[in-house]
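This report refers to the structure that appears directly beneath it.
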Amino acid sequence: MRFISKALIFSLSTLVLLSSTTYSIYQGPQNPIKSATFLSESFKVGPGSIVNKAFLDIQFPRGHVGVKSFDAELVDEEGNSVPLYDTYLHHFFAIKYFIKSNMSKDGHDPFEGFIFKRNEGMCNSYILPHYWGLGTESRGTTSKIPDPFAVEHGNPAYIPPGYQEKWLLNIMAIDTRGAQDKKGCTECRCDLFNLPKDFYNVTMGIDGKPLSTNYKGGIFCCHDDLQCKLKKGVKAPSRKLSLRYKITWVEWDKHQIPLKFYILDSTDRVRKNGTSTIHDCQAEYSVMRDGESDYHVQKANIPMEKGGYLIYGTTHMHAGAVNATLYGQDGRTLCTSTPKYGTGNEAGNEEGYAVGMSVCYPKPGSVKINDGETLTVESRYENGFLTGVMGQVYIYVAEKLPKERISPQDNSSVLM
């Protein structure tokens, strides 16, 4: 089991084969899929404000379950979908942790006594530890896992004795109503925010050292409660928002096949230290226009200690993205994910925003990742000035396949 220290996870709250067919396995007795929709705690936003908060012990299916999907969006107090041009959802992360059953909550450290359990991805320490998490693309990216595969949680065998399994949400949102530069605010460009004068002296970068003055934008300039510059005379009311999230799941039984979830980051600066592999994920990067090329390509070569069969793949990217591709060691394409850009005004189709990412659903058993294979993650953006962009490939991998036959089923929701 891979754990994250409580000190590092606290830092998180301030950081951070395209197909139209899915495949279903015909099996024995059907295990009914359950569904529930939840609301996070509400948070207040006003014109130009940033919210970057962690909400502990969120509602989540209890018991030994297999999660089939996790979808989320921002809503107002009346339950209406909030358009991205009003409040930009930079990201939400759903993170698993264990806490002692008799733990008192009287201490000042909200994470005291926590044991954090990260996904199977290889990023260092607290970087990208979540099991589910997207941003502006969350409404238009399906997270559905085909039968009989599921993401297993709540297994008593994996919960430390005397502890309970719980979940938290980290939510980062930027209210861009009345902003001088909406796009710049969503990219967290440092010169647009009311940073303290000693910001570069007191702010530690992802490497634990003072942030360089060459850092022009990204998550470190989007701290909770900071303010983006507004146009003169802007007046708009503050309001309360929540993250509405829908989870589908099944009760775990012998028919379910567990998936391992990996986040592979195109900024991972992999190096060797003797026989050990050292990962150094940066989580974000900036694009400075270079040369005459139309695109900027960020690439990382990431060795997989354990392989398996690719069941699902997609990516988390920002506006300006062209696509992201995962390659095998021999150069074969395992998955390419492409953004959908909005063309209207309604929530889910906001013009100019990345409102969805395509999803790969290879026929189970058709795409295998070998043990020890080095994969290449390549994220591609337009070649222009962009700050705080991301290129993270999400894959679900099964270490075994079912014995039952595979039957294709038409599914039009691969890219909504």
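For the structure tokens, the naming scheme is as follows: chains receive sequential letters (A, B, ...) according to their order of presentation, residues are indexed from 1 within each chain, and ligands are indexed from 1 in presentation order.
Residues in contact with stretch 151-166 of chain A at up to 6 Å, not including ones fewer than 3 positions away on its chain and judged by only C-alpha atoms, are Asp57, Gly63, His64, Val65, Gly66, Val67, Lys96, Tyr97, Phe98, Ile99, Lys100, Ser101, Pro258 and Leu259 of chain A.
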Item to check | Shell of 6 Å around stretch 282-292 of chain A, only C-alpha atoms, local chain residues under 2 positions omitted, as a PyMOL selection string | outcome: chain A and resi 267+383-390
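Of the listed residues (A:Arg239, A:Lys216, A:Lys209, A:His90), A:Arg239 comes nearest to A:Gly46; the distances count only C-alpha atoms.
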Checklist entry - If you count only C-alpha atoms, which residues fall within 7 Å of stretch 119-121 of chain A, apart from same-chain ones fewer than 2 positions away, as an NGL selection string? => result :A and (117 or 123 or 129-131 or 260-264)
Next, dump the selected residues to file, keeping only N, CA, C and O atoms, as a PDB file, in the first residue's frame.
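Saved the output as part.pdb:
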ATOM      1  N   LYS A 117      -4.175   7.331   1.458  1.00  0.00           N
ATOM      2  CA  LYS A 117      -3.914   6.245   0.508  1.00  0.00           C
ATOM      3  C   LYS A 117      -4.080   6.781  -0.903  1.00  0.00           C
ATOM      4  O   LYS A 117      -5.163   7.169  -1.319  1.00  0.00           O
ATOM      5  N   CYS A 123       3.671   9.219  -9.225  1.00  0.00           N
ATOM      6  CA  CYS A 123       4.120  10.555  -8.832  1.00  0.00           C
ATOM      7  C   CYS A 123       4.580  10.569  -7.375  1.00  0.00           C
ATOM      8  O   CYS A 123       4.049   9.846  -6.523  1.00  0.00           O
ATOM      9  N   PRO A 129      -2.643  12.605  -5.935  1.00  0.00           N
ATOM     10  CA  PRO A 129      -2.936  11.364  -5.198  1.00  0.00           C
ATOM     11  C   PRO A 129      -4.354  10.841  -5.377  1.00  0.00           C
ATOM     12  O   PRO A 129      -4.696   9.779  -4.850  1.00  0.00           O
ATOM     13  N   HIS A 130      -5.214  11.565  -6.097  1.00  0.00           N
ATOM     14  CA  HIS A 130      -6.644  11.308  -6.078  1.00  0.00           C
ATOM     15  C   HIS A 130      -7.050  10.081  -6.894  1.00  0.00           C
ATOM     16  O   HIS A 130      -6.291   9.581  -7.726  1.00  0.00           O
ATOM     17  N   TYR A 131      -8.269   9.621  -6.653  1.00  0.00           N
ATOM     18  CA  TYR A 131      -8.870   8.514  -7.392  1.00  0.00           C
ATOM     19  C   TYR A 131      -9.828   9.015  -8.476  1.00  0.00           C
ATOM     20  O   TYR A 131     -10.041   8.335  -9.473  1.00  0.00           O
ATOM     21  N   LYS A 260      -6.940  -1.175 -11.257  1.00  0.00           N
ATOM     22  CA  LYS A 260      -5.978  -0.268 -10.640  1.00  0.00           C
ATOM     23  C   LYS A 260      -5.997   1.049 -11.424  1.00  0.00           C
ATOM     24  O   LYS A 260      -6.025   1.047 -12.662  1.00  0.00           O
ATOM     25  N   PHE A 261      -5.976   2.153 -10.676  1.00  0.00           N
ATOM     26  CA  PHE A 261      -6.069   3.472 -11.292  1.00  0.00           C
ATOM     27  C   PHE A 261      -4.717   4.161 -11.234  1.00  0.00           C
ATOM     28  O   PHE A 261      -4.119   4.297 -10.170  1.00  0.00           O
ATOM     29  N   TYR A 262      -4.241   4.604 -12.402  1.00  0.00           N
ATOM     30  CA  TYR A 262      -2.948   5.286 -12.515  1.00  0.00           C
ATOM     31  C   TYR A 262      -3.151   6.690 -13.085  1.00  0.00           C
ATOM     32  O   TYR A 262      -3.924   6.873 -14.027  1.00  0.00           O
ATOM     33  N   ILE A 263      -2.445   7.658 -12.511  1.00  0.00           N
ATOM     34  CA  ILE A 263      -2.307   8.977 -13.131  1.00  0.00           C
ATOM     35  C   ILE A 263      -0.867   9.091 -13.604  1.00  0.00           C
ATOM     36  O   ILE A 263       0.069   8.984 -12.799  1.00  0.00           O
ATOM     37  N   LEU A 264      -0.701   9.289 -14.902  1.00  0.00           N
ATOM     38  CA  LEU A 264       0.617   9.424 -15.511  1.00  0.00           C
ATOM     39  C   LEU A 264       0.762  10.864 -15.989  1.00  0.00           C
ATOM     40  O   LEU A 264      -0.039  11.341 -16.790  1.00  0.00           O
TER      41      LEU A 264
END
Next on the checklist: From a backbone DSSP assignment, name each residue in stretch 103-339 of chain A labelled strand (DSSP E or B), as a PyMOL selection string.
Outcome noted: chain A and resi 115-117+132+141+149-153+163-175+179+189+193+204+210+217+227-228+230+239-251+257-265+271-273+276-278+285-287+295-303+308-317+321-327+333-337+339
Please produce a file of the residues just selected, as a short mmCIF file (atom, residue, chain, number, x, y, z; two decimals), in the first residue's frame, where the atoms kept are C-alpha atoms.
data_model
loop_
_atom_site.label_atom_id
_atom_site.label_comp_id
_atom_site.auth_asym_id
_atom_site.auth_seq_id
_atom_site.Cartn_x
_atom_site.Cartn_y
_atom_site.Cartn_z
CA ILE A 115 -3.24 8.01 6.82
CA PHE A 116 -3.68 8.94 3.17
CA LYS A 117 -3.91 6.24 0.51
CA TRP A 132 -11.27 10.80 -9.27
CA THR A 141 -16.28 13.32 -19.85
CA PHE A 149 -14.82 -4.21 -13.93
CA ALA A 150 -14.99 -1.81 -10.99
CA VAL A 151 -12.75 0.23 -8.67
CA GLU A 152 -12.69 -1.59 -5.36
CA HIS A 153 -12.96 0.35 -2.10
CA TYR A 163 -9.23 2.73 11.40
CA GLN A 164 -12.11 3.73 9.15
CA GLU A 165 -11.94 4.49 5.44
CA LYS A 166 -13.12 7.98 4.53
CA TRP A 167 -12.92 10.47 1.65
CA LEU A 168 -12.23 14.16 1.19
CA LEU A 169 -12.83 16.61 -1.64
CA ASN A 170 -10.30 19.23 -2.67
CA ILE A 171 -12.08 21.87 -4.80
CA MET A 172 -10.45 24.79 -6.59
CA ALA A 173 -12.75 27.30 -8.32
CA ILE A 174 -12.19 30.80 -9.72
CA ASP A 175 -15.06 33.27 -10.01
CA ALA A 179 -12.56 40.01 -14.33
CA ARG A 189 -1.33 34.34 -14.01
CA PHE A 193 -3.75 38.52 -8.41
CA MET A 204 7.67 27.30 -1.63
CA PRO A 210 11.36 29.38 -2.72
CA GLY A 217 1.40 31.55 -13.41
CA GLN A 227 -8.49 38.00 -5.70
CA CYS A 228 -8.17 38.40 -9.47
CA LEU A 230 -11.64 43.26 -11.77
CA ARG A 239 -23.16 33.51 -3.73
CA LYS A 240 -22.80 30.02 -2.39
CA LEU A 241 -21.85 27.09 -4.60
CA SER A 242 -21.38 23.37 -4.06
CA LEU A 243 -19.93 20.44 -5.95
CA ARG A 244 -22.69 18.05 -6.92
CA TYR A 245 -21.35 14.57 -7.52
CA LYS A 246 -23.04 11.38 -8.64
CA ILE A 247 -21.57 7.97 -7.83
CA THR A 248 -22.68 4.62 -9.20
CA TRP A 249 -21.51 1.39 -7.60
CA VAL A 250 -22.18 -2.27 -6.94
CA GLU A 251 -21.80 -4.32 -3.80
CA ILE A 257 -12.84 -7.65 -11.44
CA PRO A 258 -10.80 -4.96 -9.65
CA LEU A 259 -9.09 -2.16 -11.57
CA LYS A 260 -5.98 -0.27 -10.64
CA PHE A 261 -6.07 3.47 -11.29
CA TYR A 262 -2.95 5.29 -12.52
CA ILE A 263 -2.31 8.98 -13.13
CA LEU A 264 0.62 9.42 -15.51
CA ASP A 265 1.94 12.98 -15.70
CA ARG A 271 15.57 9.50 -13.30
CA LYS A 272 17.52 6.53 -11.96
CA ASN A 273 19.34 6.34 -8.63
CA SER A 276 15.71 2.78 -7.91
CA THR A 277 13.46 4.86 -10.15
CA ILE A 278 12.86 8.41 -8.92
CA TYR A 285 3.77 23.62 -16.71
CA SER A 286 3.73 26.75 -18.83
CA VAL A 287 3.90 27.09 -22.60
CA TYR A 295 2.08 22.98 -31.19
CA HIS A 296 3.99 22.58 -27.96
CA VAL A 297 4.67 18.98 -26.91
CA GLN A 298 5.43 17.91 -23.34
CA LYS A 299 6.66 14.36 -22.95
CA ALA A 300 7.61 11.91 -20.19
CA ASN A 301 8.85 8.32 -20.31
CA ILE A 302 7.40 6.43 -17.35
CA PRO A 303 8.31 2.83 -16.44
CA GLY A 308 -2.14 -5.31 -17.12
CA TYR A 309 -4.97 -4.80 -19.59
CA LEU A 310 -6.11 -1.27 -20.43
CA ILE A 311 -9.85 -0.95 -19.78
CA TYR A 312 -10.39 2.84 -19.76
CA GLY A 313 -8.32 5.93 -20.52
CA THR A 314 -8.79 9.69 -20.64
CA THR A 315 -6.87 12.86 -19.76
CA HIS A 316 -7.09 16.01 -17.66
CA MET A 317 -6.09 19.08 -19.69
CA ALA A 321 -5.13 21.56 -25.39
CA VAL A 322 -4.92 19.72 -28.70
CA ASN A 323 -4.72 16.15 -27.40
CA ALA A 324 -2.77 13.74 -25.22
CA THR A 325 -1.50 10.32 -26.24
CA LEU A 326 -0.18 7.32 -24.33
CA TYR A 327 2.34 5.19 -26.24
CA THR A 333 -0.66 3.99 -29.55
CA LEU A 334 -2.49 2.84 -26.43
CA CYS A 335 -4.90 5.76 -26.14
CA THR A 336 -5.40 9.24 -27.57
CA SER A 337 -7.75 11.65 -25.80
CA PRO A 339 -10.82 17.81 -26.02
#
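Here atom CA of A:Met304 and atom CA of A:Gln256 stand 24.0 Å from one another.
The coordinates place atom CA of A:Asp207 at 21.9 Å from atom CA of A:Lys53.
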Checklist entry - Among stretch 123-361 of chain A, which ones does DSSP place in helix (DSSP H, G or I), written as JSON, numbers by chain? => result {"A": [136, 137, 138, 139, 140, 156, 157, 158, 182, 183, 184, 185, 186, 190, 191, 192, 199, 200, 201, 202, 219, 220, 221]}
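Distance annotation: of A:Val202, A:Val367, A:Met122, A:Leu74, the residue with the minimal separation from A:His279 is A:Met122; atom set is only C-alpha atoms.
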Would you pick out the contacts of A:Thr343 at 12 Å or less, using only C-alpha atoms, so that residues sharing its chain but fewer than 3 positions from it are not included, and give the list as an mmCIF file with C-alpha atoms, in the first residue's frame?
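And here's out.cif as it stands now:
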data_model
loop_
_atom_site.group_PDB
_atom_site.id
_atom_site.type_symbol
_atom_site.label_atom_id
_atom_site.label_comp_id
_atom_site.auth_asym_id
_atom_site.auth_seq_id
_atom_site.Cartn_x
_atom_site.Cartn_y
_atom_site.Cartn_z
ATOM 1 C CA LYS A 340 -14.253 19.034 -27.020
ATOM 2 C CA GLU A 346 -25.321 27.085 -21.725
ATOM 3 C CA ALA A 347 -23.557 25.179 -18.927
ATOM 4 C CA GLY A 348 -21.729 22.240 -20.456
ATOM 5 C CA ASN A 349 -21.245 23.976 -23.813
ATOM 6 C CA GLU A 350 -19.480 27.226 -22.884
ATOM 7 C CA GLU A 351 -17.787 28.738 -25.912
ATOM 8 C CA GLY A 352 -13.991 28.478 -25.891
ATOM 9 C CA TYR A 353 -13.770 26.233 -22.841
ATOM 10 C CA ALA A 354 -12.613 22.608 -22.842
ATOM 11 C CA VAL A 355 -15.945 21.031 -21.852
#
Item to check | Which residue of A:Phe70, A:Tyr381, A:Phe92, A:Phe43 approaches A:Asp294 most closely, using only C-alpha atoms | outcome: A:Tyr381
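Ranking A:Asp147, A:Glu399, A:Asp280, A:Asp191 by their shortest atom-to-atom distance to A:Ile206, with only C-alpha atoms included, puts A:Asp280 first.
Interatomic distance, atom CA of A:Gln329 to atom CA of A:Thr374: 5.3 Å.
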Checklist entry - Which residues come within 12 Å of A:Leu211, counting only C-alpha atoms, excluding same-chain residues fewer than 6 positions away, as a PyMOL selection string? => result chain A and resi 190+198-205+217-221
Now that the selection is made, can you save its residues with C-alpha atoms as a PDB file, in the first residue's frame?
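Produced file again.pdb, reproduced below:
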ATOM      1  CA  CYS A 190       0.502  35.804 -11.058  1.00  0.00           C
ATOM      2  CA  ASP A 198       7.112  39.057  -0.368  1.00  0.00           C
ATOM      3  CA  PHE A 199       5.280  36.328  -2.311  1.00  0.00           C
ATOM      4  CA  TYR A 200       8.345  34.916  -4.083  1.00  0.00           C
ATOM      5  CA  ASN A 201      10.364  34.898  -0.859  1.00  0.00           C
ATOM      6  CA  VAL A 202       7.832  33.067   1.283  1.00  0.00           C
ATOM      7  CA  THR A 203       6.152  30.744  -1.218  1.00  0.00           C
ATOM      8  CA  MET A 204       7.668  27.301  -1.633  1.00  0.00           C
ATOM      9  CA  GLY A 205       7.520  25.658  -5.037  1.00  0.00           C
ATOM     10  CA  GLY A 217       1.405  31.553 -13.409  1.00  0.00           C
ATOM     11  CA  GLY A 218      -0.099  28.379 -12.043  1.00  0.00           C
ATOM     12  CA  ILE A 219      -1.529  26.823  -8.912  1.00  0.00           C
ATOM     13  CA  PHE A 220       0.875  28.600  -6.547  1.00  0.00           C
ATOM     14  CA  CYS A 221      -0.613  31.956  -7.541  1.00  0.00           C
TER      15      CYS A 221
END
